[in-house]
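Note: the block below is run-v5.cif and it holds mmCIF, C-alpha atoms.
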data_final
loop_
_atom_site.label_atom_id
_atom_site.label_comp_id
_atom_site.auth_asym_id
_atom_site.auth_seq_id
_atom_site.Cartn_x
_atom_site.Cartn_y
_atom_site.Cartn_z
CA MET R 1 42.85 -88.80 127.85
CA GLY R 2 43.57 -90.94 124.80
CA ARG R 3 39.90 -91.94 124.56
CA GLU R 4 38.75 -88.27 124.83
CA ARG R 5 41.07 -87.28 121.99
CA TRP R 6 39.65 -90.15 119.93
CA TRP R 7 36.06 -88.94 120.42
CA THR R 8 37.02 -85.35 119.61
CA ALA R 9 38.69 -86.41 116.40
CA ARG R 10 35.72 -88.66 115.55
CA LEU R 11 33.19 -85.82 116.00
CA ALA R 12 35.31 -83.50 113.88
CA MET R 13 35.43 -86.07 111.11
CA ILE R 14 31.62 -86.52 111.26
CA GLY R 15 31.14 -82.77 111.04
CA LEU R 16 33.42 -82.45 108.03
CA ALA R 17 31.66 -85.36 106.35
CA MET R 18 28.24 -83.72 106.81
CA ILE R 19 29.48 -80.45 105.35
CA ALA R 20 31.08 -82.27 102.42
CA THR R 21 27.83 -84.10 101.62
CA GLY R 22 25.75 -80.89 101.77
CA CYS R 23 24.05 -81.54 105.09
CA ALA R 24 23.31 -78.44 107.18
CA VAL R 25 23.25 -78.24 110.91
CA LYS R 26 21.07 -75.41 112.34
CA PHE R 27 21.69 -74.10 115.82
CA ALA R 28 19.23 -71.97 117.82
CA LYS R 29 20.84 -68.55 117.90
CA ARG R 30 18.07 -66.79 119.88
CA SER R 31 17.61 -66.96 123.62
CA PRO R 32 14.21 -67.71 125.19
CA TRP R 33 13.98 -63.98 126.02
CA ASP R 34 14.44 -63.10 122.34
CA MET R 35 11.66 -65.49 121.40
CA GLN R 36 9.34 -63.87 123.95
CA GLN R 37 10.10 -60.46 122.47
CA ILE R 38 9.33 -61.71 118.97
CA GLN R 39 6.03 -63.19 120.17
CA ALA R 40 5.08 -59.92 121.89
CA LEU R 41 5.87 -57.92 118.76
CA SER R 42 3.84 -60.33 116.66
CA GLU R 43 0.85 -59.90 118.96
CA GLN R 44 1.18 -56.10 118.78
CA LEU R 45 1.27 -56.29 114.99
CA ASP R 46 -1.94 -58.31 115.01
CA GLN R 47 -3.55 -55.68 117.24
CA PHE R 48 -2.47 -52.88 114.91
CA ARG R 49 -3.91 -54.77 111.95
CA SER R 50 -7.20 -55.23 113.78
CA LEU R 51 -7.27 -51.56 114.78
CA ALA R 52 -6.60 -50.45 111.22
CA GLN R 53 -9.45 -52.64 110.02
CA LEU R 54 -11.80 -51.18 112.64
CA LYS R 55 -10.87 -47.67 111.59
CA ALA R 56 -11.48 -48.55 107.96
CA GLU R 57 -14.90 -49.96 108.82
CA GLU R 58 -15.76 -46.85 110.85
CA ALA R 59 -14.66 -44.59 107.99
CA ASP R 60 -16.97 -46.53 105.69
CA GLN R 61 -19.81 -46.04 108.19
CA LEU R 62 -19.24 -42.29 108.31
CA ARG R 63 -19.09 -42.01 104.53
CA SER R 64 -22.34 -43.96 104.29
CA ALA R 65 -23.94 -41.72 106.91
CA LYS R 66 -22.85 -38.61 104.99
CA SER R 67 -24.42 -39.96 101.80
CA GLN R 68 -27.69 -40.73 103.61
CA LEU R 69 -27.80 -37.32 105.26
CA GLU R 70 -27.20 -35.55 101.96
CA SER R 71 -30.02 -37.53 100.38
CA ARG R 72 -32.51 -37.01 103.22
CA LEU R 73 -31.66 -33.31 103.69
CA SER R 74 -31.32 -32.43 100.01
CA SER R 75 -34.07 -29.80 100.04
CA GLU R 76 -32.66 -28.08 103.15
CA ILE R 77 -29.17 -28.19 101.63
CA ASP R 78 -30.47 -26.63 98.41
CA GLN R 79 -32.01 -23.81 100.46
CA ASN R 80 -28.71 -23.20 102.29
CA GLN R 81 -30.34 -24.01 105.62
CA VAL R 82 -28.23 -27.12 106.28
CA SER R 83 -24.76 -28.28 105.28
CA VAL R 84 -23.16 -31.70 105.66
CA GLY R 85 -19.48 -32.53 105.55
CA PHE R 86 -16.30 -33.65 107.26
CA ASP R 87 -13.82 -31.64 109.29
CA GLU R 88 -11.14 -32.54 111.82
CA ARG R 89 -13.80 -33.57 114.35
CA GLY R 90 -15.72 -36.02 112.20
CA LEU R 91 -18.98 -35.88 110.25
CA VAL R 92 -20.80 -32.59 110.84
CA VAL R 93 -24.39 -31.51 110.16
CA ARG R 94 -24.71 -27.73 110.41
CA VAL R 95 -28.20 -26.35 110.87
CA LEU R 96 -28.88 -22.61 110.90
CA ASP R 97 -30.58 -21.43 114.05
CA LYS R 98 -33.62 -20.03 112.20
CA VAL R 99 -34.51 -23.57 111.13
CA LEU R 100 -34.63 -24.74 114.74
CA PHE R 101 -35.41 -21.77 116.99
CA ASP R 102 -37.10 -18.39 117.12
CA SER R 103 -34.79 -15.48 117.80
CA GLY R 104 -33.37 -15.58 121.32
CA LYS R 105 -35.24 -18.81 122.17
CA ALA R 106 -34.08 -22.31 123.07
CA LYS R 107 -37.40 -24.09 122.54
CA LEU R 108 -37.45 -25.98 119.25
CA ARG R 109 -39.82 -24.68 116.61
CA HIS R 110 -42.43 -27.00 115.18
CA GLU R 111 -40.67 -26.65 111.82
CA ALA R 112 -37.50 -28.16 113.33
CA THR R 113 -39.10 -31.60 113.68
CA PRO R 114 -38.76 -32.79 110.04
CA VAL R 115 -35.08 -31.83 109.87
CA LEU R 116 -34.10 -33.41 113.18
CA ASP R 117 -36.19 -36.50 112.42
CA LYS R 118 -34.10 -37.07 109.28
CA VAL R 119 -30.89 -36.72 111.25
CA ALA R 120 -32.14 -39.02 114.00
CA ARG R 121 -32.91 -41.80 111.53
CA VAL R 122 -29.32 -41.78 110.31
CA LEU R 123 -27.83 -41.60 113.82
CA ASN R 124 -29.96 -44.60 114.81
CA GLU R 125 -28.93 -46.76 111.85
CA GLN R 126 -27.84 -50.27 112.79
CA GLY R 127 -24.12 -50.36 113.54
CA MET R 128 -23.87 -46.62 114.22
CA ASN R 129 -22.57 -46.23 117.76
CA GLN R 130 -20.17 -43.32 117.56
CA PRO R 131 -20.50 -40.51 120.15
CA VAL R 132 -22.50 -37.50 119.02
CA GLY R 133 -21.56 -33.96 120.01
CA ILE R 134 -24.32 -31.35 119.81
CA GLU R 135 -22.74 -27.90 119.66
CA GLY R 136 -24.62 -24.63 120.00
CA HIS R 137 -23.16 -21.47 118.44
CA THR R 138 -24.21 -17.81 118.32
CA ASP R 139 -23.02 -14.60 116.72
CA ASN R 140 -21.23 -11.95 118.78
CA GLN R 141 -24.20 -9.66 119.34
CA PRO R 142 -24.84 -9.18 123.07
CA ILE R 143 -28.12 -10.47 124.45
CA LYS R 144 -30.45 -7.67 125.53
CA HIS R 145 -34.07 -8.77 125.84
CA SER R 146 -34.29 -12.58 125.67
CA GLY R 147 -33.63 -13.22 129.36
CA TRP R 148 -30.46 -15.28 128.92
CA LYS R 149 -27.37 -14.36 130.89
CA ASP R 150 -25.14 -14.41 127.82
CA ASN R 151 -24.61 -16.06 124.42
CA TYR R 152 -22.90 -19.04 125.99
CA GLU R 153 -25.94 -19.82 128.13
CA LEU R 154 -28.25 -19.56 125.12
CA SER R 155 -26.02 -21.76 122.95
CA LEU R 156 -25.85 -24.47 125.62
CA ALA R 157 -29.62 -24.42 126.18
CA ARG R 158 -30.16 -24.84 122.45
CA ALA R 159 -27.73 -27.74 122.29
CA GLN R 160 -29.55 -29.39 125.19
CA SER R 161 -32.91 -28.98 123.44
CA VAL R 162 -31.57 -30.78 120.36
CA VAL R 163 -30.10 -33.57 122.50
CA GLN R 164 -33.43 -34.07 124.25
CA PHE R 165 -35.24 -34.27 120.92
CA LEU R 166 -32.80 -36.84 119.50
CA GLU R 167 -33.02 -38.93 122.65
CA LYS R 168 -36.81 -38.98 122.33
CA ARG R 169 -36.27 -40.28 118.81
CA GLY R 170 -34.18 -43.17 120.10
CA LEU R 171 -30.63 -41.86 120.41
CA ASP R 172 -28.80 -43.58 123.28
CA PRO R 173 -28.23 -40.88 125.96
CA SER R 174 -24.75 -42.25 126.60
CA ARG R 175 -23.77 -41.21 123.05
CA ALA R 176 -24.95 -37.59 123.20
CA VAL R 177 -22.99 -34.65 124.63
CA PRO R 178 -24.41 -31.08 124.52
CA VAL R 179 -21.83 -28.29 124.27
CA GLY R 180 -22.31 -24.52 124.25
CA HIS R 181 -19.71 -22.35 122.54
CA GLY R 182 -21.47 -19.00 122.44
CA ASP R 183 -19.68 -16.79 119.91
CA GLU R 184 -16.24 -18.39 120.42
CA LYS R 185 -16.22 -20.52 117.24
CA PRO R 186 -17.36 -18.37 114.31
CA ILE R 187 -17.21 -19.79 110.78
CA ALA R 188 -17.76 -16.40 109.15
CA SER R 189 -17.17 -12.73 109.94
CA ASN R 190 -19.49 -11.20 112.50
CA ASP R 191 -19.05 -7.84 110.76
CA THR R 192 -21.84 -8.55 108.26
CA PRO R 193 -25.47 -9.69 108.65
CA GLU R 194 -24.78 -12.70 106.40
CA GLY R 195 -21.75 -13.71 108.47
CA ARG R 196 -23.72 -13.46 111.70
CA ARG R 197 -26.51 -15.51 110.16
CA MET R 198 -24.05 -18.31 109.37
CA ASN R 199 -22.54 -18.20 112.84
CA ARG R 200 -25.92 -18.71 114.55
CA ARG R 201 -26.14 -22.47 114.20
CA VAL R 202 -26.27 -25.88 115.82
CA GLU R 203 -23.76 -28.51 114.74
CA ILE R 204 -24.48 -32.20 115.15
CA VAL R 205 -21.09 -33.91 115.08
CA LEU R 206 -20.73 -37.64 114.61
CA LEU R 207 -17.38 -38.19 116.30
CA PRO R 208 -14.99 -41.08 115.65
CA LYS R 209 -14.81 -43.45 118.62
CA GLY R 210 -12.48 -42.17 121.33
CA ALA R 211 -12.40 -38.66 119.88
CA ALA R 212 -12.35 -35.66 122.17
CA GLN R 213 -14.79 -32.79 121.85
CA SER R 214 -12.08 -30.22 121.28
CA GLY R 215 -9.86 -28.63 118.68
CA PRO R 216 -10.11 -25.69 116.30
CA ARG R 217 -13.24 -25.12 114.24
CA GLY R 218 -13.51 -24.04 110.65
CA SER R 219 -10.16 -25.43 109.53
CA SER R 220 -9.04 -25.19 105.94
CA GLY R 221 -9.37 -28.95 105.69
CA GLU R 222 -13.13 -29.08 106.12
CA VAL R 223 -15.29 -30.17 103.21
CA PHE R 224 -19.00 -29.36 103.29
CA THR R 225 -21.95 -29.88 100.96
CA LYS R 226 -23.97 -26.70 100.59
#

Final structure tokens representation of the file:
Amino acid sequence: MGRERWWTARLAMIGLAMIATGCAVKFAKRSPWDMQQIQALSEQLDQFRSLAQLKAEEADQLRSAKSQLESRLSSEIDQNQVSVGFDERGLVVRVLDKVLFDSGKAKLRHEATPVLDKVARVLNEQGMNQPVGIEGHTDNQPIKHSGWKDNYELSLARAQSVVQFLEKRGLDPSRAVPVGHGDEKPIASNDTPEGRRMNRRVEIVLLPKGAAQSGPRGSSGEVFTK
């Protein structure tokens, strides 16, 4: 017992001497479990940083694509046949139906080729691999003589025709999704001829990766070049 007391007193004296001379003794205050948690959080932070960088790069791609589309489609934009801009879905190219189709038809007009060729070139740019939604839209006038069951059927057939054209121009089929909305997503009033003209359209939507083909259309946050 006397020897144990001697060692205890000796260690206490050494500790006091180290403190008096400014030496610091650091003890590990975290358990191995704490260290694992810190490592896991650090890895998650790295993932978030990488994800943020990817999103920034994709945003740059979409802005570049918008600029190219505006340049290539400048004459059609000036004639109010096409508009290009962003909304909550992504980058959208709106093309009035008269540019692409005859009334009540889903077969592309010959005059549609130059417009869709310009769009295809941008969609096929190196590094562009976002999904592309092709959305057909109509006004609310009931179909009488064209042979289609309803506006939804016509809008879907038109979307499919555009998809087929873009795929022939090199668009990866796995990227393209045709969607028919009929008259469910108007961007103008169907009470006037001008409003109905605007509602009869095809929208080519360059979607951010992982985005869903859903959500409201024509939000107040959309910005289009006309």

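When the PyMOL selection byres ((chain R and resi 108-113) around 10) is run on the displayed coordinates, the residues it returns are Val95, Asp97, Lys98, Val99, Leu100, Phe101, Asp102, Lys105, Ala106, Lys107, Pro114, Val115, Leu116, Asp117, Lys118, Val119, Arg158, Ser161, Val162 and Phe165 of chain R.
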
Taking all atoms listed in the file into account, name the residue in R:Arg175, R:Arg72, R:Lys185, R:Arg169 that is nearest to Tyr152 (chain R).
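Under the stated criterion, the closest residue is R:Lys185.
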
Between R:Lys55, R:His145, R:Arg94, R:His181, which residue has the minimum interatomic distance to Met198 (chain R), considering only C-alpha atoms?
R:Arg94

Where does the PyMOL selection byres ((chain R and resi 197) around 9) land in this file, that is, which residues does it pick, as a CSV table (one decimal) with C-alpha atoms, keeping the file's coordinate frame?
chain,number,residue,atom,x,y,z
R,96,LEU,CA,-28.9,-22.6,110.9
R,97,ASP,CA,-30.6,-21.4,114.0
R,98,LYS,CA,-33.6,-20.0,112.2
R,138,THR,CA,-24.2,-17.8,118.3
R,139,ASP,CA,-23.0,-14.6,116.7
R,188,ALA,CA,-17.8,-16.4,109.2
R,190,ASN,CA,-19.5,-11.2,112.5
R,192,THR,CA,-21.8,-8.6,108.3
R,193,PRO,CA,-25.5,-9.7,108.6
R,194,GLU,CA,-24.8,-12.7,106.4
R,195,GLY,CA,-21.8,-13.7,108.5
R,196,ARG,CA,-23.7,-13.5,111.7
R,198,MET,CA,-24.0,-18.3,109.4
R,199,ASN,CA,-22.5,-18.2,112.8
R,200,ARG,CA,-25.9,-18.7,114.6
R,201,ARG,CA,-26.1,-22.5,114.2

Nearby residues (all atoms listed in the file) at most 10 Å from Pro142 (chain R), same-chain spacing under 6 positions excluded, as a VMD selection string:
chain R and resid 149 to 151 183

Mind giving me the straight-line distance from CA of Leu73 (chain R) to CA of Ser189 (chain R) in Å, one decimal?
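Those two atoms sit 25.9 Å apart.
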
Please provide the set of residues having any atom within 8 Å of Leu91 (chain R), restricted to all atoms listed in the file, with same-chain residues fewer than 4 positions apart removed, written as an NGL selection string.
:R and (62 or 66 or 84-87 or 205-207)

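Near Val132 (chain R), within a cut-off of 10 Å and counting only C-alpha atoms, sit the residues R:Gly90, R:Leu91, R:Val92, R:Leu123, R:Asn129, R:Glu135, R:Val163, R:Leu171, R:Asp172, R:Pro173, R:Ser174, R:Arg175, R:Ala176, R:Val177, R:Pro178, R:Ile204, R:Val205, R:Leu206, R:Leu207, R:Pro208, R:Lys209, R:Gln213, with same-chain residues fewer than 3 positions away left out.
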
Same residues, C-alpha atoms, output as an mmCIF file, in the coordinates of the input:
data_model
loop_
_atom_site.group_PDB
_atom_site.id
_atom_site.type_symbol
_atom_site.label_atom_id
_atom_site.label_comp_id
_atom_site.auth_asym_id
_atom_site.auth_seq_id
_atom_site.Cartn_x
_atom_site.Cartn_y
_atom_site.Cartn_z
ATOM 1 C CA GLY R 90 -15.720 -36.020 112.200
ATOM 2 C CA LEU R 91 -18.980 -35.880 110.250
ATOM 3 C CA VAL R 92 -20.800 -32.590 110.840
ATOM 4 C CA LEU R 123 -27.830 -41.600 113.820
ATOM 5 C CA ASN R 129 -22.570 -46.230 117.760
ATOM 6 C CA GLU R 135 -22.740 -27.900 119.660
ATOM 7 C CA VAL R 163 -30.100 -33.570 122.500
ATOM 8 C CA LEU R 171 -30.630 -41.860 120.410
ATOM 9 C CA ASP R 172 -28.800 -43.580 123.280
ATOM 10 C CA PRO R 173 -28.230 -40.880 125.960
ATOM 11 C CA SER R 174 -24.750 -42.250 126.600
ATOM 12 C CA ARG R 175 -23.770 -41.210 123.050
ATOM 13 C CA ALA R 176 -24.950 -37.590 123.200
ATOM 14 C CA VAL R 177 -22.990 -34.650 124.630
ATOM 15 C CA PRO R 178 -24.410 -31.080 124.520
ATOM 16 C CA ILE R 204 -24.480 -32.200 115.150
ATOM 17 C CA VAL R 205 -21.090 -33.910 115.080
ATOM 18 C CA LEU R 206 -20.730 -37.640 114.610
ATOM 19 C CA LEU R 207 -17.380 -38.190 116.300
ATOM 20 C CA PRO R 208 -14.990 -41.080 115.650
ATOM 21 C CA LYS R 209 -14.810 -43.450 118.620
ATOM 22 C CA GLN R 213 -14.790 -32.790 121.850
#

Residue by residue, what does the PyMOL selection byres ((chain R and resi 155) around 6) grab here? Present the result as a short mmCIF file (atom, residue, chain, number, x, y, z; two decimals) with C-alpha atoms, in the coordinates of the input.
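So the final result, stored in expr_19.cif, reads:
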data_model
loop_
_atom_site.label_atom_id
_atom_site.label_comp_id
_atom_site.auth_asym_id
_atom_site.auth_seq_id
_atom_site.Cartn_x
_atom_site.Cartn_y
_atom_site.Cartn_z
CA GLY R 136 -24.62 -24.63 120.00
CA HIS R 137 -23.16 -21.47 118.44
CA TYR R 152 -22.90 -19.04 125.99
CA GLU R 153 -25.94 -19.82 128.13
CA LEU R 154 -28.25 -19.56 125.12
CA LEU R 156 -25.85 -24.47 125.62
CA ALA R 157 -29.62 -24.42 126.18
CA ARG R 158 -30.16 -24.84 122.45
CA GLY R 180 -22.31 -24.52 124.25
CA GLY R 182 -21.47 -19.00 122.44
#

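We find CA of Ser83 (chain R) and CA of Arg121 (chain R) to be spaced 17.0 Å apart.
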
In Å to one decimal, how far is CA of Lys144 (chain R) from CA of Val179 (chain R)?
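Between these atoms lies a distance of 22.4 Å.
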